[in-house]
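> Here you go, one structure.
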Amino acid sequence: MAVPGSGLAKGLAVTLRTMTRRSVTAHYPDVRPELPARSRGVIGLFEENCTVCMLCARECPDWCIYIDSHKETVPPAAPGGRERSRNVLDRFAIDFSLCMYCGICIEVCPFDALFWSPEFEYAETDIRDLVHERDRLREWMWTVPAPPPLDPAAEEPKEIAAARKAAEKQLAAEARSREAGQQEAGRHGTGQHEAGQPGTPQRDGDA
């Protein structure tokens, strides 16, 4: 049996404890809050893992995921093999003005192409700018926290390995492009130098 007035006493006790504590003010945006690692801030897209299966778009209760793709024919890997067709992603966009952050798209993705990022500072003055295309969704991937390792001797996660390989390929392509540009500039400089050299003077009696 509850003692009469016990609820009031508990409430006053909470009030007294709060009054004796120092108030804490969050000085945002000068001081960023420390969010949990798996906060639901924004959704990042790991494009290399996307197979355009459309599961995320079909399961989204708000229908805020827009995907466009086309099919390409892949030549056989071995002589005498059959050609295969694959889906190539053309557009992947999420309208965050409609998204309710349920996380269903991330849970149903069978190829680990969508991840939660704790970033939350993407407010816009125009609601149309809340439609994030795949380039911006890819940028959010770099803010996704790494999962804790299951074992100290475990191999590197395949997502990080694939991202590193893609970055290395891009850097190598840029280096080759710069090298080709330098070689082309060097050839032009050599040709201009040879064209500007004076010819051998003719001696008397030469035709």
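Residue numbering restarts at 1 for every chain of the structure tokens, chains are lettered A, B, ... in their displayed order, and ligands are numbered from 1 as they appear.
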Pick out the residues sitting within 7 Å of stretch 65-72 of chain A, and hand them over as a list in words; count only C-alpha atoms, and ignore anything fewer than 5 positions along from it in its own chain.
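Once the adjacent positions are removed, what remains is Ala57, Ser85, Arg86, Asn87, Val88, Leu89, Asp90, Arg91, Phe92, Ala93, Ile94 and Asp95 of chain A.
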> Which residues in stretch 22-145 of chain A does DSSP call helix (DSSP H, G or I)? List them as a VMD selection string.
chain A and resid 47 to 49 55 to 59 104 to 108 127 to 130 134 to 143
> Residues of chain A classed as strand (DSSP E or B) by DSSP on the backbone are to be reported as a CSV table (one decimal) with C-alpha atoms, in the first residue's frame.

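What ended up in out_24.csv:
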```csv
chain,number,residue,atom,x,y,z
A,42,VAL,CA,22.4,10.6,-42.9
A,43,ILE,CA,22.6,7.6,-45.2
A,44,GLY,CA,25.8,7.0,-47.1
A,45,LEU,CA,26.0,5.0,-50.4
A,65,ILE,CA,14.7,6.5,-53.0
A,66,TYR,CA,15.1,7.1,-56.7
A,67,ILE,CA,17.1,4.6,-58.8
A,68,ASP,CA,17.8,4.6,-62.5
A,69,SER,CA,19.9,2.1,-64.3
A,70,HIS,CA,20.6,0.4,-67.6
A,71,LYS,CA,21.9,-3.0,-68.8
A,72,GLU,CA,25.2,-3.7,-70.3
A,73,THR,CA,26.5,-6.9,-71.9
A,74,VAL,CA,29.6,-8.5,-70.3
A,84,ARG,CA,26.1,-12.0,-69.4
A,85,SER,CA,24.2,-8.8,-68.8
A,86,ARG,CA,24.6,-6.7,-65.7
A,87,ASN,CA,22.8,-3.6,-64.3
A,88,VAL,CA,24.8,-0.4,-64.3
A,89,LEU,CA,23.8,2.3,-61.8
A,90,ASP,CA,22.9,5.6,-63.4
A,91,ARG,CA,21.2,7.4,-60.6
A,92,PHE,CA,20.8,6.8,-56.9
A,93,ALA,CA,19.1,9.6,-54.9
A,94,ILE,CA,17.4,9.9,-51.5
A,95,ASP,CA,15.0,12.7,-50.7
A,114,LEU,CA,24.0,1.6,-47.5
A,115,PHE,CA,25.3,2.8,-44.1
A,116,TRP,CA,24.4,5.2,-41.4
A,117,SER,CA,26.6,8.2,-40.9
A,131,VAL,CA,17.5,15.4,-52.6
A,132,HIS,CA,21.0,14.0,-52.3
```
> One decimal, Å: what's the distance from atom CA of A:Gly186 over to atom CA of A:Glu174, could you say?
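So the two atoms, atom CA of A:Gly186 and atom CA of A:Glu174, lie 18.3 Å apart.
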> For A:Val144, which residue out of A:Arg40, A:Arg128, A:Arg21, A:Arg187 is the nearest one, using only C-alpha atoms?
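Counting only C-alpha atoms, the residue closest to A:Val144 is A:Arg40.
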> As a PyMOL selection string, please: the residues near A:Ile127 (cut-off 8 Å, only C-alpha atoms, same-chain neighbours under 3 positions excluded).
chain A and resi 97+124+130
> Kindly give the distance, in Å, that separates atom CA of A:Asp112 and atom CA of A:Ala77, rounded to a single decimal.
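Distance reported for this atom pair: 25.8 Å.
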